[in-house]
$ cat coords.cif   # mmCIF, C-alpha atoms, pLDDT in the B column; chains and numbers go by the auth columns
data_upload
#
loop_
_atom_site.group_PDB
_atom_site.id
_atom_site.type_symbol
_atom_site.label_atom_id
_atom_site.label_comp_id
_atom_site.label_asym_id
_atom_site.label_seq_id
_atom_site.Cartn_x
_atom_site.Cartn_y
_atom_site.Cartn_z
_atom_site.B_iso_or_equiv
_atom_site.auth_seq_id
_atom_site.auth_asym_id
ATOM 1 C CA MET A 1 -40.743 69.277 3.932 57.00 1 A
ATOM 2 C CA ASN A 2 -40.837 66.952 6.924 55.00 2 A
ATOM 3 C CA ASN A 3 -42.320 63.491 7.168 50.00 3 A
ATOM 4 C CA LYS A 4 -45.784 64.872 7.895 65.00 4 A
ATOM 5 C CA GLY A 5 -45.800 66.758 4.603 81.00 5 A
ATOM 6 C CA VAL A 6 -45.639 70.185 6.257 93.00 6 A
ATOM 7 C CA ILE A 7 -43.544 73.054 4.856 96.00 7 A
ATOM 8 C CA ARG A 8 -41.401 74.404 7.703 97.00 8 A
ATOM 9 C CA VAL A 9 -41.315 78.212 7.541 97.00 9 A
ATOM 10 C CA GLU A 10 -39.163 80.888 9.157 98.00 10 A
ATOM 11 C CA VAL A 11 -40.667 84.390 9.480 97.00 11 A
ATOM 12 C CA ALA A 12 -38.181 87.287 9.613 97.00 12 A
ATOM 13 C CA ASP A 13 -39.646 90.742 10.306 95.00 13 A
ATOM 14 C CA ASP A 14 -38.675 93.398 12.855 94.00 14 A
ATOM 15 C CA HIS A 15 -42.283 94.261 13.781 94.00 15 A
ATOM 16 C CA PRO A 16 -43.687 91.873 16.446 95.00 16 A
ATOM 17 C CA VAL A 17 -47.307 92.415 15.376 95.00 17 A
ATOM 18 C CA VAL A 18 -46.442 91.573 11.764 93.00 18 A
ATOM 19 C CA ARG A 19 -44.567 88.430 12.802 95.00 19 A
ATOM 20 C CA GLU A 20 -47.451 87.304 15.005 95.00 20 A
ATOM 21 C CA GLY A 21 -49.966 87.947 12.243 95.00 21 A
ATOM 22 C CA LEU A 22 -47.950 86.092 9.621 95.00 22 A
ATOM 23 C CA THR A 23 -47.338 83.198 11.994 96.00 23 A
ATOM 24 C CA ALA A 24 -51.058 82.902 12.717 96.00 24 A
ATOM 25 C CA ILE A 25 -51.969 82.980 9.011 95.00 25 A
ATOM 26 C CA ILE A 26 -49.326 80.444 8.020 96.00 26 A
ATOM 27 C CA ASN A 27 -50.128 78.058 10.858 96.00 27 A
ATOM 28 C CA GLN A 28 -53.757 77.968 9.693 94.00 28 A
ATOM 29 C CA CYS A 29 -52.603 76.122 6.568 94.00 29 A
ATOM 30 C CA ARG A 30 -52.442 72.363 6.957 93.00 30 A
ATOM 31 C CA ASP A 31 -49.362 72.097 4.770 94.00 31 A
ATOM 32 C CA MET A 32 -47.323 74.781 6.600 96.00 32 A
ATOM 33 C CA GLN A 33 -45.912 75.460 10.035 96.00 33 A
ATOM 34 C CA VAL A 34 -43.795 78.336 11.383 97.00 34 A
ATOM 35 C CA VAL A 35 -40.775 76.811 13.113 97.00 35 A
ATOM 36 C CA ALA A 36 -38.726 79.984 13.690 97.00 36 A
ATOM 37 C CA GLU A 37 -39.097 83.753 13.984 97.00 37 A
ATOM 38 C CA ALA A 38 -36.488 86.512 13.680 97.00 38 A
ATOM 39 C CA ALA A 39 -36.597 90.218 14.556 96.00 39 A
ATOM 40 C CA ASN A 40 -33.513 91.289 12.582 96.00 40 A
ATOM 41 C CA GLY A 41 -31.206 90.103 9.832 95.00 41 A
ATOM 42 C CA ARG A 42 -28.663 88.560 12.191 96.00 42 A
ATOM 43 C CA GLU A 43 -31.373 86.548 13.925 97.00 43 A
ATOM 44 C CA ALA A 44 -32.730 85.499 10.527 97.00 44 A
ATOM 45 C CA ILE A 45 -29.366 83.953 9.674 97.00 45 A
ATOM 46 C CA ASP A 46 -28.939 82.347 13.090 97.00 46 A
ATOM 47 C CA GLN A 47 -32.468 80.929 13.112 97.00 47 A
ATOM 48 C CA PHE A 48 -31.974 79.507 9.640 97.00 48 A
ATOM 49 C CA LEU A 49 -28.789 77.740 10.710 96.00 49 A
ATOM 50 C CA CYS A 50 -30.490 76.427 13.841 96.00 50 A
ATOM 51 C CA HIS A 51 -33.785 75.213 12.364 96.00 51 A
ATOM 52 C CA ARG A 52 -33.007 74.752 8.644 96.00 52 A
ATOM 53 C CA PRO A 53 -36.534 75.734 7.545 97.00 53 A
ATOM 54 C CA ASP A 54 -37.827 74.758 4.135 97.00 54 A
ATOM 55 C CA VAL A 55 -38.728 78.377 3.323 97.00 55 A
ATOM 56 C CA VAL A 56 -37.743 81.738 4.801 97.00 56 A
ATOM 57 C CA LEU A 57 -40.184 84.661 4.560 96.00 57 A
ATOM 58 C CA MET A 58 -37.897 87.705 4.715 95.00 58 A
ATOM 59 C CA ASP A 59 -38.546 91.419 5.189 93.00 59 A
ATOM 60 C CA LEU A 60 -36.023 93.824 3.620 89.00 60 A
ATOM 61 C CA ARG A 61 -35.742 96.619 6.183 87.00 61 A
ATOM 62 C CA MET A 62 -34.510 95.170 9.466 90.00 62 A
ATOM 63 C CA PRO A 63 -31.992 96.275 12.100 90.00 63 A
ATOM 64 C CA GLU A 64 -28.396 95.045 12.410 89.00 64 A
ATOM 65 C CA ILE A 65 -28.365 93.349 9.004 91.00 65 A
ATOM 66 C CA ASP A 66 -30.916 94.171 6.303 91.00 66 A
ATOM 67 C CA GLY A 67 -32.872 91.551 4.430 93.00 67 A
ATOM 68 C CA VAL A 68 -30.751 91.543 1.284 92.00 68 A
ATOM 69 C CA ALA A 69 -27.539 91.042 3.265 94.00 69 A
ATOM 70 C CA ALA A 70 -29.207 88.253 5.247 96.00 70 A
ATOM 71 C CA ILE A 71 -30.308 86.547 2.033 96.00 71 A
ATOM 72 C CA GLN A 72 -26.783 86.835 0.640 95.00 72 A
ATOM 73 C CA GLU A 73 -25.239 85.315 3.773 95.00 73 A
ATOM 74 C CA ILE A 74 -27.697 82.423 3.893 96.00 74 A
ATOM 75 C CA MET A 75 -27.243 81.708 0.180 95.00 75 A
ATOM 76 C CA ARG A 76 -23.451 81.891 0.508 93.00 76 A
ATOM 77 C CA THR A 77 -23.369 78.898 2.858 92.00 77 A
ATOM 78 C CA HIS A 78 -26.598 77.197 1.754 95.00 78 A
ATOM 79 C CA PRO A 79 -27.172 77.855 -1.970 93.00 79 A
ATOM 80 C CA ASP A 80 -30.244 75.603 -1.991 93.00 80 A
ATOM 81 C CA ALA A 81 -32.084 77.768 0.568 96.00 81 A
ATOM 82 C CA ARG A 82 -35.573 78.887 -0.458 96.00 82 A
ATOM 83 C CA ILE A 83 -36.279 82.519 0.465 96.00 83 A
ATOM 84 C CA ALA A 84 -39.268 84.712 -0.409 94.00 84 A
ATOM 85 C CA VAL A 85 -39.382 88.449 0.299 93.00 85 A
ATOM 86 C CA LEU A 86 -42.406 90.110 1.916 92.00 86 A
ATOM 87 C CA THR A 87 -41.915 93.840 2.360 87.00 87 A
ATOM 88 C CA THR A 88 -43.469 97.294 2.098 82.00 88 A
ATOM 89 C CA TYR A 89 -40.727 98.413 -0.306 72.00 89 A
ATOM 90 C CA GLY A 90 -41.523 98.061 -4.001 65.00 90 A
ATOM 91 C CA GLY A 91 -38.792 100.166 -5.613 67.00 91 A
ATOM 92 C CA ASP A 92 -37.206 98.571 -8.665 66.00 92 A
ATOM 93 C CA GLN A 93 -33.753 98.654 -7.067 74.00 93 A
ATOM 94 C CA ASP A 94 -35.085 96.856 -3.964 77.00 94 A
ATOM 95 C CA ILE A 95 -36.580 94.166 -6.172 80.00 95 A
ATOM 96 C CA THR A 96 -33.445 93.819 -8.284 80.00 96 A
ATOM 97 C CA ARG A 97 -31.146 93.479 -5.267 84.00 97 A
ATOM 98 C CA ALA A 98 -33.410 90.902 -3.653 87.00 98 A
ATOM 99 C CA PHE A 99 -33.497 88.627 -6.703 86.00 99 A
ATOM 100 C CA GLU A 100 -29.778 89.087 -7.349 85.00 100 A
ATOM 101 C CA ALA A 101 -29.182 87.962 -3.753 91.00 101 A
ATOM 102 C CA GLY A 102 -31.143 84.771 -4.416 91.00 102 A
ATOM 103 C CA ALA A 103 -34.785 85.415 -3.467 91.00 103 A
ATOM 104 C CA LYS A 104 -37.340 83.070 -5.028 88.00 104 A
ATOM 105 C CA GLY A 105 -40.278 85.436 -4.701 87.00 105 A
ATOM 106 C CA TYR A 106 -41.136 89.045 -3.920 88.00 106 A
ATOM 107 C CA LEU A 107 -44.452 90.200 -2.484 89.00 107 A
ATOM 108 C CA LEU A 108 -45.610 93.501 -1.046 87.00 108 A
ATOM 109 C CA LYS A 109 -47.266 93.551 2.355 87.00 109 A
ATOM 110 C CA GLY A 110 -50.962 93.884 1.696 84.00 110 A
ATOM 111 C CA SER A 111 -50.930 91.161 -0.960 86.00 111 A
ATOM 112 C CA PRO A 112 -53.853 88.694 -0.711 89.00 112 A
ATOM 113 C CA LYS A 113 -53.353 85.863 1.762 91.00 113 A
ATOM 114 C CA GLU A 114 -53.757 83.330 -1.032 90.00 114 A
ATOM 115 C CA MET A 115 -50.868 84.884 -2.951 88.00 115 A
ATOM 116 C CA LEU A 116 -48.664 84.747 0.146 91.00 116 A
ATOM 117 C CA MET A 117 -49.400 81.059 0.613 92.00 117 A
ATOM 118 C CA GLU A 118 -48.687 80.362 -3.054 90.00 118 A
ATOM 119 C CA ALA A 119 -45.406 82.289 -2.780 90.00 119 A
ATOM 120 C CA ILE A 120 -44.316 80.031 0.080 94.00 120 A
ATOM 121 C CA ARG A 121 -45.324 76.889 -1.822 93.00 121 A
ATOM 122 C CA ALA A 122 -43.612 78.126 -5.008 90.00 122 A
ATOM 123 C CA ALA A 123 -40.422 78.937 -3.108 91.00 123 A
ATOM 124 C CA TYR A 124 -40.477 75.467 -1.565 94.00 124 A
ATOM 125 C CA ARG A 125 -40.719 73.947 -5.053 91.00 125 A
ATOM 126 C CA GLY A 126 -37.756 76.085 -6.113 88.00 126 A
ATOM 127 C CA GLU A 127 -39.900 78.151 -8.458 85.00 127 A
ATOM 128 C CA LEU A 128 -39.907 81.920 -8.914 80.00 128 A
ATOM 129 C CA LEU A 129 -43.092 83.780 -8.058 78.00 129 A
ATOM 130 C CA ILE A 130 -43.108 87.288 -9.523 76.00 130 A
ATOM 131 C CA PRO A 131 -46.447 89.160 -9.629 72.00 131 A
ATOM 132 C CA PRO A 132 -46.915 91.194 -12.835 70.00 132 A
ATOM 133 C CA GLU A 133 -46.426 94.573 -11.138 69.00 133 A
ATOM 134 C CA ILE A 134 -43.178 93.360 -9.547 73.00 134 A
ATOM 135 C CA TYR A 135 -41.943 91.950 -12.869 64.00 135 A
ATOM 136 C CA VAL A 136 -42.376 95.362 -14.507 65.00 136 A
ATOM 137 C CA ARG A 137 -40.373 97.073 -11.787 62.00 137 A
ATOM 138 C CA LEU A 138 -37.731 94.337 -11.866 61.00 138 A
ATOM 139 C CA THR A 139 -37.250 94.942 -15.578 60.00 139 A
ATOM 140 C CA GLU A 140 -36.964 98.686 -14.988 58.00 140 A
ATOM 141 C CA GLY A 141 -34.437 98.145 -12.214 51.00 141 A
ATOM 142 C CA ARG A 142 -32.125 96.135 -14.428 51.00 142 A
ATOM 143 C CA SER A 143 -31.845 99.084 -16.779 49.00 143 A
ATOM 144 C CA GLY A 144 -31.542 101.666 -14.000 57.00 144 A
ATOM 145 C CA PRO A 145 -28.647 104.052 -13.385 66.00 145 A
ATOM 146 C CA HIS A 146 -25.336 102.734 -12.074 77.00 146 A
ATOM 147 C CA LEU A 147 -23.932 104.899 -9.302 80.00 147 A
ATOM 148 C CA SER A 148 -20.432 104.525 -7.880 84.00 148 A
ATOM 149 C CA ASP A 149 -19.907 103.893 -4.161 85.00 149 A
ATOM 150 C CA ARG A 150 -18.933 107.539 -3.651 89.00 150 A
ATOM 151 C CA GLU A 151 -21.980 108.756 -5.568 89.00 151 A
ATOM 152 C CA MET A 152 -24.175 106.497 -3.445 87.00 152 A
ATOM 153 C CA GLY A 153 -22.652 108.022 -0.321 91.00 153 A
ATOM 154 C CA VAL A 154 -23.368 111.527 -1.562 92.00 154 A
ATOM 155 C CA LEU A 155 -26.886 110.512 -2.591 90.00 155 A
ATOM 156 C CA ARG A 156 -27.649 109.113 0.862 88.00 156 A
ATOM 157 C CA CYS A 157 -26.564 112.415 2.383 92.00 157 A
ATOM 158 C CA MET A 158 -28.770 114.297 -0.079 90.00 158 A
ATOM 159 C CA VAL A 159 -31.758 112.150 0.883 88.00 159 A
ATOM 160 C CA ASN A 160 -31.004 112.945 4.533 88.00 160 A
ATOM 161 C CA GLY A 161 -31.294 116.641 3.702 89.00 161 A
ATOM 162 C CA LYS A 162 -27.624 117.588 4.027 92.00 162 A
ATOM 163 C CA SER A 163 -26.122 120.555 2.194 93.00 163 A
ATOM 164 C CA ASN A 164 -22.999 120.289 0.039 94.00 164 A
ATOM 165 C CA ARG A 165 -20.921 121.666 2.909 93.00 165 A
ATOM 166 C CA GLU A 166 -22.371 119.127 5.351 94.00 166 A
ATOM 167 C CA ILE A 167 -21.824 116.299 2.869 94.00 167 A
ATOM 168 C CA ALA A 168 -18.211 117.360 2.393 94.00 168 A
ATOM 169 C CA ALA A 169 -17.642 117.334 6.157 94.00 169 A
ATOM 170 C CA GLU A 170 -19.307 113.935 6.657 93.00 170 A
ATOM 171 C CA LEU A 171 -17.502 112.226 3.758 93.00 171 A
ATOM 172 C CA ARG A 172 -14.264 114.132 4.324 92.00 172 A
ATOM 173 C CA ILE A 173 -13.977 115.394 0.786 92.00 173 A
ATOM 174 C CA ALA A 174 -13.786 118.882 -0.712 91.00 174 A
ATOM 175 C CA GLU A 175 -17.008 120.789 -1.231 91.00 175 A
ATOM 176 C CA GLY A 176 -16.077 121.224 -4.889 90.00 176 A
ATOM 177 C CA THR A 177 -15.827 117.430 -5.205 92.00 177 A
ATOM 178 C CA VAL A 178 -19.312 117.101 -3.722 92.00 178 A
ATOM 179 C CA LYS A 179 -20.657 119.487 -6.381 92.00 179 A
ATOM 180 C CA VAL A 180 -19.118 117.314 -9.099 90.00 180 A
ATOM 181 C CA HIS A 181 -20.707 114.171 -7.650 91.00 181 A
ATOM 182 C CA VAL A 182 -24.091 115.888 -7.318 92.00 182 A
ATOM 183 C CA HIS A 183 -23.902 116.967 -10.958 90.00 183 A
ATOM 184 C CA ARG A 184 -23.134 113.396 -12.049 89.00 184 A
ATOM 185 C CA ILE A 185 -25.933 112.001 -9.890 90.00 185 A
ATOM 186 C CA LEU A 186 -28.465 114.394 -11.389 90.00 186 A
ATOM 187 C CA HIS A 187 -27.299 113.450 -14.882 86.00 187 A
ATOM 188 C CA LYS A 188 -27.512 109.698 -14.244 84.00 188 A
ATOM 189 C CA LEU A 189 -30.968 109.999 -12.688 84.00 189 A
ATOM 190 C CA GLY A 190 -32.192 112.324 -15.418 85.00 190 A
ATOM 191 C CA ALA A 191 -33.165 114.844 -12.736 86.00 191 A
ATOM 192 C CA LYS A 192 -33.274 118.614 -13.136 89.00 192 A
ATOM 193 C CA GLY A 193 -32.508 119.338 -9.496 90.00 193 A
ATOM 194 C CA ARG A 194 -31.911 117.868 -6.048 90.00 194 A
ATOM 195 C CA ALA A 195 -35.610 117.598 -5.193 89.00 195 A
ATOM 196 C CA GLU A 196 -36.358 115.589 -8.335 88.00 196 A
ATOM 197 C CA ALA A 197 -33.273 113.422 -7.770 87.00 197 A
ATOM 198 C CA ILE A 198 -34.356 112.644 -4.216 88.00 198 A
ATOM 199 C CA SER A 199 -37.922 111.888 -5.338 85.00 199 A
ATOM 200 C CA THR A 200 -36.651 109.527 -8.040 81.00 200 A
ATOM 201 C CA THR A 201 -34.247 107.896 -5.591 81.00 201 A
ATOM 202 C CA LEU A 202 -36.987 107.136 -3.065 80.00 202 A
ATOM 203 C CA LYS A 203 -39.448 105.957 -5.705 76.00 203 A
ATOM 204 C CA LYS A 204 -36.962 103.529 -7.215 74.00 204 A
ATOM 205 C CA GLY A 205 -35.724 102.312 -3.828 72.00 205 A
ATOM 206 C CA ILE A 206 -32.109 103.292 -4.562 77.00 206 A
ATOM 207 C CA VAL A 207 -31.886 104.833 -1.091 75.00 207 A
ATOM 208 C CA HIS A 208 -34.497 104.890 1.677 69.00 208 A
ATOM 209 C CA LEU A 209 -35.362 107.527 4.241 67.00 209 A
ATOM 210 C CA PRO A 210 -33.816 106.999 7.674 61.00 210 A
ATOM 211 C CA GLU A 211 -35.747 104.462 9.756 54.00 211 A
ATOM 212 C CA SER A 212 -36.887 107.157 12.210 45.00 212 A
ATOM 213 C CA THR A 213 -38.601 109.190 9.491 41.00 213 A
ATOM 214 C CA SER A 214 -39.788 106.516 7.075 42.00 214 A
ATOM 215 C CA ALA A 215 -43.259 105.079 7.241 41.00 215 A
ATOM 216 C CA GLN A 216 -43.435 101.687 8.862 39.00 216 A
#
$ encode --input "coords.cif" --output "structure tokens"
Amino acid sequence: MNNKGVIRVEVADDHPVVREGLTAIINQCRDMQVVAEAANGREAIDQFLCHRPDVVLMDLRMPEIDGVAAIQEIMRTHPDARIAVLTTYGGDQDITRAFEAGAKGYLLKGSPKEMLMEAIRAAYRGELLIPPEIYVRLTEGRSGPHLSDREMGVLRCMVNGKSNREIAAELRIAEGTVKVHVHRILHKLGAKGRAEAISTTLKKGIVHLPESTSAQ
């Protein structure tokens, strides 16, 4: 906080209208001021290094570098950074990854303005702000299935609608190997088939739909 007692905030979100709206809301508060904006994860890191804000308000899905990777990079060089997540994604894996990266709070877009302001103030104080519904999902995420890197690759292809043959060609592995990975994925997710596995994957935030087809 600067000498005037104002919390200096950075807003990182790839949607201009969202950034403008958040900036307007935050700047209405006497104890806060937006000092930097970023449209992608790389800009979020660069703007942090340039302005050293007291709190960063970070979206998760952004181009170039996603929010979790941006949080990790900022925390790697500045472990005292205060970062709160504001996103549309509430899957338990999203929440888990964000807090493991170092986030101090996690809110869904659409949360009351008062809660957003409190999240920024809590992050500035170095406190965690976890709404009850997020805490439940965070707990679920910590006990979720562990998938290997190869299984995650296969799962992403499944979510993108690719057949076993197409997955084999993209990952450069045998089609029989793909079938083995799919079987293991279904078992770990407790799914009876591909459709249920994909539904579970999207609900938990393990993998997201491609940006062009996902709701913004």
$ residues_around --input "coords.cif" --residues "range 166-173 of chain A" --least-positions-apart "6" --cutoff "8 Å" --atoms "only C-alpha atoms" --output "ChimeraX atom specification"
/A:153-154,157-158
$ write_last_selection --input "coords.cif" --atoms "C-alpha atoms" --output "JSON list (two decimals), in the frame of the given file"
[["chain", "number", "residue", "atom", "x", "y", "z"],
["A", 153, "GLY", "CA", -22.65, 108.02, -0.32],
["A", 154, "VAL", "CA", -23.37, 111.53, -1.56],
["A", 157, "CYS", "CA", -26.56, 112.42, 2.38],
["A", 158, "MET", "CA", -28.77, 114.30, -0.08]]
$ atom_distance --input "coords.cif" --atom1 "CA of Val207 in chain A" --atom2 "CA of Lys192 in chain A"
18.4 Å
$ atom_distance --input "coords.cif" --atom1 "CA of Glu10 in chain A" --atom2 "CA of Leu128 in chain A"
18.1 Å
$ atom_distance --input "coords.cif" --atom1 "CA of Leu86 in chain A" --atom2 "CA of Arg61 in chain A"
10.2 Å
$ resolve_selection --input "coords.cif" --expression "the PyMOL selection byres ((chain A and resi 48) around 10)" --output "PDB file with C-alpha atoms, keeping the file's coordinate frame"
ATOM      1  CA  VAL A   9     -41.315  78.212   7.541  1.00 97.00           C
ATOM      2  CA  GLU A  10     -39.163  80.888   9.157  1.00 98.00           C
ATOM      3  CA  VAL A  11     -40.667  84.390   9.480  1.00 97.00           C
ATOM      4  CA  ALA A  12     -38.181  87.287   9.613  1.00 97.00           C
ATOM      5  CA  VAL A  35     -40.775  76.811  13.113  1.00 97.00           C
ATOM      6  CA  ALA A  36     -38.726  79.984  13.690  1.00 97.00           C
ATOM      7  CA  GLU A  37     -39.097  83.753  13.984  1.00 97.00           C
ATOM      8  CA  ALA A  38     -36.488  86.512  13.680  1.00 97.00           C
ATOM      9  CA  ARG A  42     -28.663  88.560  12.191  1.00 96.00           C
ATOM     10  CA  GLU A  43     -31.373  86.548  13.925  1.00 97.00           C
ATOM     11  CA  ALA A  44     -32.730  85.499  10.527  1.00 97.00           C
ATOM     12  CA  ILE A  45     -29.366  83.953   9.674  1.00 97.00           C
ATOM     13  CA  ASP A  46     -28.939  82.347  13.090  1.00 97.00           C
ATOM     14  CA  GLN A  47     -32.468  80.929  13.112  1.00 97.00           C
ATOM     15  CA  LEU A  49     -28.789  77.740  10.710  1.00 96.00           C
ATOM     16  CA  CYS A  50     -30.490  76.427  13.841  1.00 96.00           C
ATOM     17  CA  HIS A  51     -33.785  75.213  12.364  1.00 96.00           C
ATOM     18  CA  ARG A  52     -33.007  74.752   8.644  1.00 96.00           C
ATOM     19  CA  PRO A  53     -36.534  75.734   7.545  1.00 97.00           C
ATOM     20  CA  ASP A  54     -37.827  74.758   4.135  1.00 97.00           C
ATOM     21  CA  VAL A  55     -38.728  78.377   3.323  1.00 97.00           C
ATOM     22  CA  VAL A  56     -37.743  81.738   4.801  1.00 97.00           C
ATOM     23  CA  ILE A  74     -27.697  82.423   3.893  1.00 96.00           C
ATOM     24  CA  HIS A  78     -26.598  77.197   1.754  1.00 95.00           C
ATOM     25  CA  ALA A  81     -32.084  77.768   0.568  1.00 96.00           C
TER      26      ALA A  81
END
$ closest_residue --input "coords.cif" --among "A:Ala39, A:Ala191, A:Ile134, A:Leu202" --to "Asn160 in chain A" --atoms "all atoms listed in the file"
A:Leu202
$ residues_near_point --input "coords.cif" --point "(-42.0, 86.9, -6.0)" --cutoff "6 Å" --atoms "all atoms listed in the file" --output "list in words"
Gly105, Tyr106, Leu107, Leu129 and Ile130 of chain A
$ residues_near_point --input "coords.cif" --point "(-45.2, 74.2, 7.6)" --cutoff "6 Å" --atoms "all atoms listed in the file" --output "MDAnalysis selection string"
chainID A and resid 6:9 31:34
$ resolve_selection --input "coords.cif" --expression "the PyMOL selection byres ((chain A and resi 115-126) around 6)" --output "list in words"
Val55, Arg82, Lys104, Pro112, Lys113, Glu114, Glu127 and Leu129 of chain A
$ write_last_selection --input "coords.cif" --atoms "C-alpha atoms" --output "PDB file, in the coordinates of the input"
ATOM      1  CA  VAL A  55     -38.728  78.377   3.323  1.00 97.00           C
ATOM      2  CA  ARG A  82     -35.573  78.887  -0.458  1.00 96.00           C
ATOM      3  CA  LYS A 104     -37.340  83.070  -5.028  1.00 88.00           C
ATOM      4  CA  PRO A 112     -53.853  88.694  -0.711  1.00 89.00           C
ATOM      5  CA  LYS A 113     -53.353  85.863   1.762  1.00 91.00           C
ATOM      6  CA  GLU A 114     -53.757  83.330  -1.032  1.00 90.00           C
ATOM      7  CA  GLU A 127     -39.900  78.151  -8.458  1.00 85.00           C
ATOM      8  CA  LEU A 129     -43.092  83.780  -8.058  1.00 78.00           C
TER       9      LEU A 129
END
$ residues_around --input "coords.cif" --residues "Val68 in chain A" --least-positions-apart "6" --cutoff "8 Å" --atoms "all atoms listed in the file" --output "VMD selection string"
chain A and resid 60 97 to 98 101
$ resolve_selection --input "coords.cif" --expression "the PyMOL selection byres ((chain A and resi 63) around 9)" --output "list in words"
Asp14, Ala39, Asn40, Gly41, Arg42, Arg61, Met62, Glu64, Ile65 and Asp66 of chain A
$ closest_residue --input "coords.cif" --among "A:Lys188, A:Arg194, A:Lys179, A:Arg30" --to "Leu147 in chain A" --atoms "all atoms listed in the file"
A:Lys188
$ closest_residue --input "coords.cif" --among "A:Asp59, A:Glu151, A:Glu175, A:Glu73" --to "Ser163 in chain A" --atoms "all atoms listed in the file"
A:Glu175
$ axis_aligned_box --input "coords.cif" --around "range 13-21 of chain A" --padding-each-side "6 Å" --output "AutoDock Vina command-line options"
--center_x -44.3 --center_y 90.8 --center_z 13.4 --size_x 23.3 --size_y 19.0 --size_z 18.1
$ closest_residue --input "coords.cif" --among "A:Asn164, A:Ser199, A:Thr88, A:Asn27" --to "His183 in chain A" --atoms "all atoms listed in the file"
A:Asn164
